[in-house]
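Below is the file protein.pdb, which contains PDB, C-alpha atoms.
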```
ATOM      1  CA  MET A   1      14.744   5.540 -13.891
ATOM      2  CA  SER A   2      15.045   8.331 -11.353
ATOM      3  CA  GLN A   3      15.935   8.017  -7.721
ATOM      4  CA  LEU A   4      13.142   7.289  -5.268
ATOM      5  CA  GLY A   5      11.826  10.466  -3.671
ATOM      6  CA  LEU A   6      10.060   8.814  -0.731
ATOM      7  CA  LEU A   7      11.543   8.551   2.727
ATOM      8  CA  PRO A   8      10.864   5.709   5.155
ATOM      9  CA  VAL A   9       8.672   6.369   8.167
ATOM     10  CA  VAL A  10       9.821   4.640  11.328
ATOM     11  CA  MET A  11       8.062   5.095  14.616
ATOM     12  CA  GLU A  12       7.484   2.922  17.645
ATOM     13  CA  GLY A  13       5.178   0.106  16.600
ATOM     14  CA  PHE A  14       4.741   1.096  12.946
ATOM     15  CA  SER A  15       6.857   1.643   9.855
ATOM     16  CA  ILE A  16       6.555   2.401   6.162
ATOM     17  CA  ARG A  17       9.537   1.351   4.057
ATOM     18  CA  PRO A  18       9.498   2.262   0.361
ATOM     19  CA  THR A  19      11.949   0.714  -2.105
ATOM     20  CA  LEU A  20      12.318   0.891  -5.871
ATOM     21  CA  ALA A  21      13.418  -1.954  -8.119
ATOM     22  CA  ALA A  22      13.169  -1.719 -11.901
ATOM     23  CA  SER A  23       9.631  -0.535 -12.671
ATOM     24  CA  THR A  24       8.136  -1.541  -9.313
ATOM     25  CA  LEU A  25       7.694   0.565  -6.217
ATOM     26  CA  LYS A  26       7.399  -1.579  -3.093
ATOM     27  CA  VAL A  27       5.918  -0.182   0.107
ATOM     28  CA  ALA A  28       6.258  -2.379   3.189
ATOM     29  CA  LEU A  29       3.858  -1.587   6.045
ATOM     30  CA  GLN A  30       4.855  -3.181   9.329
ATOM     31  CA  GLY A  31       3.524  -3.219  12.860
ATOM     32  CA  SER A  32       0.221  -1.743  13.924
ATOM     33  CA  ALA A  33      -1.582   0.933  11.893
ATOM     34  CA  ASP A  34      -3.492   2.561  14.722
ATOM     35  CA  MET A  35      -4.304   6.168  15.614
ATOM     36  CA  GLU A  36      -0.623   6.899  16.235
ATOM     37  CA  ALA A  37       0.170   5.811  12.655
ATOM     38  CA  ARG A  38      -2.715   7.665  10.999
ATOM     39  CA  PRO A  39      -0.972  11.005  10.342
ATOM     40  CA  SER A  40       2.078   9.312   8.826
ATOM     41  CA  LEU A  41       0.073   6.960   6.627
ATOM     42  CA  SER A  42      -2.395   9.600   5.469
ATOM     43  CA  GLN A  43       0.506  11.874   4.485
ATOM     44  CA  PHE A  44       2.476   9.064   2.817
ATOM     45  CA  VAL A  45      -0.323   7.755   0.559
ATOM     46  CA  PRO A  46      -0.682  10.779  -1.765
ATOM     47  CA  GLN A  47       3.096  11.186  -1.838
ATOM     48  CA  ALA A  48       3.528   7.544  -2.880
ATOM     49  CA  HIS A  49       0.875   7.910  -5.564
ATOM     50  CA  GLU A  50       2.531  11.013  -7.014
ATOM     51  CA  GLU A  51       5.952   9.360  -6.844
ATOM     52  CA  ALA A  52       4.668   6.270  -8.667
ATOM     53  CA  LYS A  53       3.328   8.507 -11.425
ATOM     54  CA  ARG A  54       6.541  10.554 -11.578
ATOM     55  CA  LEU A  55       8.640   7.415 -11.895
ATOM     56  CA  ALA A  56       6.160   5.864 -14.346
ATOM     57  CA  VAL A  57       6.243   2.554 -12.490
ATOM     58  CA  THR A  58       4.081  -0.248 -13.790
ATOM     59  CA  GLN A  59       3.315  -1.656 -10.364
ATOM     60  CA  VAL A  60       3.175  -0.669  -6.721
ATOM     61  CA  ILE A  61       3.343  -3.549  -4.274
ATOM     62  CA  VAL A  62       1.984  -2.750  -0.825
ATOM     63  CA  ASP A  63       3.425  -5.466   1.382
ATOM     64  CA  VAL A  64       1.198  -5.826   4.450
ATOM     65  CA  HIS A  65       2.287  -9.313   5.484
ATOM     66  CA  GLU A  66       3.893  -7.866   8.627
ATOM     67  CA  LEU A  67       1.051  -5.447   9.357
ATOM     68  CA  TYR A  68      -0.698  -7.055  12.296
ATOM     69  CA  PHE A  69      -3.480  -4.523  12.804
ATOM     70  CA  ILE A  70      -5.096  -1.693  10.880
ATOM     71  CA  ASN A  71      -7.877   0.502  12.210
ATOM     72  CA  SER A  72     -10.663   1.886  10.059
ATOM     73  CA  VAL A  73      -9.103   5.332   9.756
ATOM     74  CA  CYS A  74      -5.847   3.904   8.397
ATOM     75  CA  LEU A  75      -7.770   1.541   6.136
ATOM     76  CA  LYS A  76      -9.473   4.643   4.747
ATOM     77  CA  SER A  77      -6.032   5.910   3.701
ATOM     78  CA  LEU A  78      -5.734   2.827   1.482
ATOM     79  CA  VAL A  79      -9.222   3.529   0.109
ATOM     80  CA  ILE A  80      -8.055   7.051  -0.732
ATOM     81  CA  TRP A  81      -5.025   5.605  -2.532
ATOM     82  CA  ILE A  82      -7.297   3.420  -4.661
ATOM     83  CA  ASP A  83      -9.531   6.404  -5.392
ATOM     84  CA  LEU A  84      -6.523   8.497  -6.432
ATOM     85  CA  LEU A  85      -5.386   5.713  -8.740
ATOM     86  CA  ALA A  86      -8.854   5.114 -10.204
ATOM     87  CA  ASN A  87      -9.136   8.817 -11.019
ATOM     88  CA  THR A  88      -5.728   8.951 -12.675
ATOM     89  CA  GLU A  89      -5.495   9.212 -16.442
ATOM     90  CA  PRO A  90      -5.373   5.603 -17.713
ATOM     91  CA  SER A  91      -2.001   6.147 -19.402
ATOM     92  CA  ASN A  92      -0.494   7.085 -16.003
ATOM     93  CA  ARG A  93      -2.008   4.232 -13.975
ATOM     94  CA  TYR A  94      -0.085   1.434 -12.358
ATOM     95  CA  ARG A  95      -1.104  -1.909 -10.929
ATOM     96  CA  LEU A  96      -1.635  -1.761  -7.137
ATOM     97  CA  THR A  97      -0.941  -5.160  -5.567
ATOM     98  CA  PHE A  98      -1.384  -5.918  -1.876
ATOM     99  CA  LEU A  99       0.896  -8.688  -0.614
ATOM    100  CA  VAL A 100      -0.923 -10.397   2.274
ATOM    101  CA  ASP A 101      -0.308 -13.137   4.830
ATOM    102  CA  SER A 102      -3.375 -15.391   4.716
ATOM    103  CA  HIS A 103      -2.665 -16.445   8.317
ATOM    104  CA  LEU A 104      -3.694 -12.941   9.372
ATOM    105  CA  HIS A 105      -7.401 -13.287   8.631
ATOM    106  CA  TRP A 106      -8.195  -9.570   8.703
ATOM    107  CA  GLN A 107      -5.915  -9.104   5.692
ATOM    108  CA  ASP A 108      -7.841 -11.420   3.373
ATOM    109  CA  ARG A 109     -11.191  -9.859   4.294
ATOM    110  CA  SER A 110     -10.098  -6.232   4.262
ATOM    111  CA  ILE A 111      -7.856  -6.355   1.207
ATOM    112  CA  LEU A 112     -10.455  -8.318  -0.762
ATOM    113  CA  ALA A 113     -12.929  -5.514  -0.026
ATOM    114  CA  LEU A 114     -10.372  -2.988  -1.304
ATOM    115  CA  GLN A 115      -9.808  -5.059  -4.427
ATOM    116  CA  ARG A 116     -13.514  -5.043  -5.191
ATOM    117  CA  MET A 117     -13.424  -1.241  -5.374
ATOM    118  CA  ALA A 118     -11.331  -1.356  -8.555
ATOM    119  CA  PRO A 119     -10.740  -4.947  -9.686
ATOM    120  CA  ASP A 120      -9.052  -3.851 -12.908
ATOM    121  CA  ILE A 121      -6.213  -2.037 -11.072
ATOM    122  CA  VAL A 122      -6.130  -3.475  -7.531
ATOM    123  CA  PHE A 123      -4.850  -6.995  -6.915
ATOM    124  CA  MET A 124      -4.069  -9.251  -3.978
ATOM    125  CA  ALA A 125      -1.257 -11.803  -3.764
ATOM    126  CA  ASN A 126      -0.287 -14.172  -0.970
ATOM    127  CA  TRP A 127       3.081 -13.753   0.705
ATOM    128  CA  LYS A 128       5.010 -16.974   0.353
ATOM    129  CA  GLY A 129       7.289 -16.679   3.380
ATOM    130  CA  GLU A 130      10.207 -15.151   1.518
TER     131      GLU A 130
END
```
Full structure transcribed into structure tokens:
Amino acid sequence: MSQLGLLPVVMEGFSIRPTLAASTLKVALQGSADMEARPSLSQFVPQAHEEAKRLAVTQVIVDVHELYFINSVCLKSLVIWIDLLANTEPSNRYRLTFLVDSHLHWQDRSILALQRMAPDIVFMANWKGE
């Protein structure tokens, strides 16, 4: 497998940390996805999608268990990601799994709504306090 071609994004109050292990791309979102984070997240999403296809990963895990807030504009970036994936040739698709903390109630509600957009390719799993 090739080297990961995504760089982390670290700013005050928000970060995106991509890692690659075997056939899984993991993207950890941490902090607060507010208007300050919007440009970084909206630029990262299509890059991550293209990188997942290039690497032919079978799964992308978006770990949001340390994401304490997301505004509607940043949530739309995740909707765009799902749309990109849904419109990808089936042979190039990967499983998109959101890792949530059920103690952060917005995550269950919001991620469940995202899952309903494409239940055959978008999944939700509970973070177990690793």
If we count all atoms listed in the file and set the cut-off at 9 Å, which residues sit around region 116-119 of chain A, ignoring sequence neighbours fewer than 5 positions away in its own chain? Please answer as a compact mmCIF listing (two decimals) with C-alpha atoms, keeping the file's coordinate frame.
```
# COMPACT_ATOMS: atom_id res chain seq x y z
CA VAL A 79 -9.22 3.53 0.11
CA ILE A 82 -7.30 3.42 -4.66
CA ASP A 83 -9.53 6.40 -5.39
CA ALA A 86 -8.85 5.11 -10.20
CA ILE A 111 -7.86 -6.36 1.21
```
Length of the CA of Ser15 (chain A) to CA of Asn126 (chain A) vector [Å]: 20.5 Å
Padding 3 Å on each side, edges along x, y and z: where is the centre of the box around the listed atoms of region 102-118 of chain A, and how long are its edges in Å to one decimal? Output it as JSON.
```
{"center_x": -8.1, "center_y": -8.8, "center_z": 0.4, "size_x": 16.8, "size_y": 21.2, "size_z": 23.9}
```
Leaving out region 19-29 of chain A and any residue of its chain fewer than 6 positions from it, which residues lie within 10 Å of it when counting only C-alpha atoms, given as a PDB file with C-alpha atoms, keeping the file's coordinate frame?
```
ATOM      1  CA  MET A   1      14.744   5.540 -13.891  1.00  0.00           C
ATOM      2  CA  SER A   2      15.045   8.331 -11.353  1.00  0.00           C
ATOM      3  CA  GLN A   3      15.935   8.017  -7.721  1.00  0.00           C
ATOM      4  CA  LEU A   4      13.142   7.289  -5.268  1.00  0.00           C
ATOM      5  CA  GLY A   5      11.826  10.466  -3.671  1.00  0.00           C
ATOM      6  CA  LEU A   6      10.060   8.814  -0.731  1.00  0.00           C
ATOM      7  CA  LEU A   7      11.543   8.551   2.727  1.00  0.00           C
ATOM      8  CA  PRO A   8      10.864   5.709   5.155  1.00  0.00           C
ATOM      9  CA  VAL A   9       8.672   6.369   8.167  1.00  0.00           C
ATOM     10  CA  LEU A  41       0.073   6.960   6.627  1.00  0.00           C
ATOM     11  CA  ALA A  48       3.528   7.544  -2.880  1.00  0.00           C
ATOM     12  CA  GLU A  51       5.952   9.360  -6.844  1.00  0.00           C
ATOM     13  CA  ALA A  52       4.668   6.270  -8.667  1.00  0.00           C
ATOM     14  CA  LEU A  55       8.640   7.415 -11.895  1.00  0.00           C
ATOM     15  CA  ALA A  56       6.160   5.864 -14.346  1.00  0.00           C
ATOM     16  CA  VAL A  57       6.243   2.554 -12.490  1.00  0.00           C
ATOM     17  CA  THR A  58       4.081  -0.248 -13.790  1.00  0.00           C
ATOM     18  CA  GLN A  59       3.315  -1.656 -10.364  1.00  0.00           C
ATOM     19  CA  VAL A  60       3.175  -0.669  -6.721  1.00  0.00           C
ATOM     20  CA  ILE A  61       3.343  -3.549  -4.274  1.00  0.00           C
ATOM     21  CA  VAL A  62       1.984  -2.750  -0.825  1.00  0.00           C
ATOM     22  CA  ASP A  63       3.425  -5.466   1.382  1.00  0.00           C
ATOM     23  CA  VAL A  64       1.198  -5.826   4.450  1.00  0.00           C
ATOM     24  CA  HIS A  65       2.287  -9.313   5.484  1.00  0.00           C
ATOM     25  CA  GLU A  66       3.893  -7.866   8.627  1.00  0.00           C
ATOM     26  CA  LEU A  67       1.051  -5.447   9.357  1.00  0.00           C
ATOM     27  CA  TYR A  68      -0.698  -7.055  12.296  1.00  0.00           C
ATOM     28  CA  TYR A  94      -0.085   1.434 -12.358  1.00  0.00           C
ATOM     29  CA  ARG A  95      -1.104  -1.909 -10.929  1.00  0.00           C
ATOM     30  CA  LEU A  96      -1.635  -1.761  -7.137  1.00  0.00           C
ATOM     31  CA  THR A  97      -0.941  -5.160  -5.567  1.00  0.00           C
ATOM     32  CA  PHE A  98      -1.384  -5.918  -1.876  1.00  0.00           C
ATOM     33  CA  LEU A  99       0.896  -8.688  -0.614  1.00  0.00           C
TER      34      LEU A  99
END
```
What separation in Å, quoted to one decimal, exists between CA of Leu84 (chain A) and CA of Val10 (chain A)? 24.4 Å
So what does the PyMOL selection byres ((chain A and resi 12) around 10) actually pick up in this one, as a ChimeraX atom specification? /A:10-11,13-15,31-32,36-37
Please produce region 6-21 of chain A, completed to N, CA, C and O atoms, as a CSV table (one decimal), in the coordinates of the input.
```
chain,number,residue,atom,x,y,z
A,6,LEU,N,10.9,9.1,-1.9
A,6,LEU,CA,10.1,8.8,-0.7
A,6,LEU,C,11.0,8.4,0.4
A,6,LEU,O,11.9,7.6,0.2
A,7,LEU,N,10.7,8.9,1.6
A,7,LEU,CA,11.5,8.6,2.7
A,7,LEU,C,10.8,7.5,3.6
A,7,LEU,O,9.6,7.6,3.7
A,8,PRO,N,11.5,6.6,4.2
A,8,PRO,CA,10.9,5.7,5.2
A,8,PRO,C,10.3,6.5,6.4
A,8,PRO,O,10.8,7.5,6.7
A,9,VAL,N,9.3,5.9,6.9
A,9,VAL,CA,8.7,6.4,8.2
A,9,VAL,C,8.9,5.3,9.2
A,9,VAL,O,8.4,4.2,9.0
A,10,VAL,N,9.6,5.6,10.3
A,10,VAL,CA,9.8,4.6,11.3
A,10,VAL,C,9.4,5.3,12.7
A,10,VAL,O,10.0,6.3,13.0
A,11,MET,N,8.5,4.6,13.3
A,11,MET,CA,8.1,5.1,14.6
A,11,MET,C,7.9,3.9,15.5
A,11,MET,O,7.8,2.7,15.0
A,12,GLU,N,7.7,4.1,16.8
A,12,GLU,CA,7.5,2.9,17.6
A,12,GLU,C,6.2,2.2,17.3
A,12,GLU,O,5.1,2.8,17.3
A,13,GLY,N,6.3,0.9,16.9
A,13,GLY,CA,5.2,0.1,16.6
A,13,GLY,C,4.6,0.2,15.2
A,13,GLY,O,3.7,-0.5,14.8
A,14,PHE,N,5.2,1.0,14.3
A,14,PHE,CA,4.7,1.1,12.9
A,14,PHE,C,5.8,1.6,12.0
A,14,PHE,O,6.6,2.5,12.4
A,15,SER,N,5.9,1.1,10.8
A,15,SER,CA,6.9,1.6,9.9
A,15,SER,C,6.3,1.5,8.4
A,15,SER,O,5.5,0.6,8.1
A,16,ILE,N,6.8,2.4,7.6
A,16,ILE,CA,6.6,2.4,6.2
A,16,ILE,C,7.9,2.4,5.5
A,16,ILE,O,8.7,3.4,5.7
A,17,ARG,N,8.2,1.4,4.7
A,17,ARG,CA,9.5,1.4,4.1
A,17,ARG,C,9.4,1.2,2.5
A,17,ARG,O,9.1,0.1,2.0
A,18,PRO,N,9.6,2.3,1.8
A,18,PRO,CA,9.5,2.3,0.4
A,18,PRO,C,10.8,1.9,-0.3
A,18,PRO,O,11.9,2.3,0.2
A,19,THR,N,10.8,1.1,-1.3
A,19,THR,CA,11.9,0.7,-2.1
A,19,THR,C,11.6,0.7,-3.6
A,19,THR,O,10.4,0.5,-3.9
A,20,LEU,N,12.5,0.9,-4.4
A,20,LEU,CA,12.3,0.9,-5.9
A,20,LEU,C,13.2,-0.1,-6.5
A,20,LEU,O,14.4,-0.1,-6.3
A,21,ALA,N,12.6,-1.0,-7.4
A,21,ALA,CA,13.4,-2.0,-8.1
A,21,ALA,C,12.8,-2.0,-9.5
A,21,ALA,O,11.6,-2.4,-9.7
```
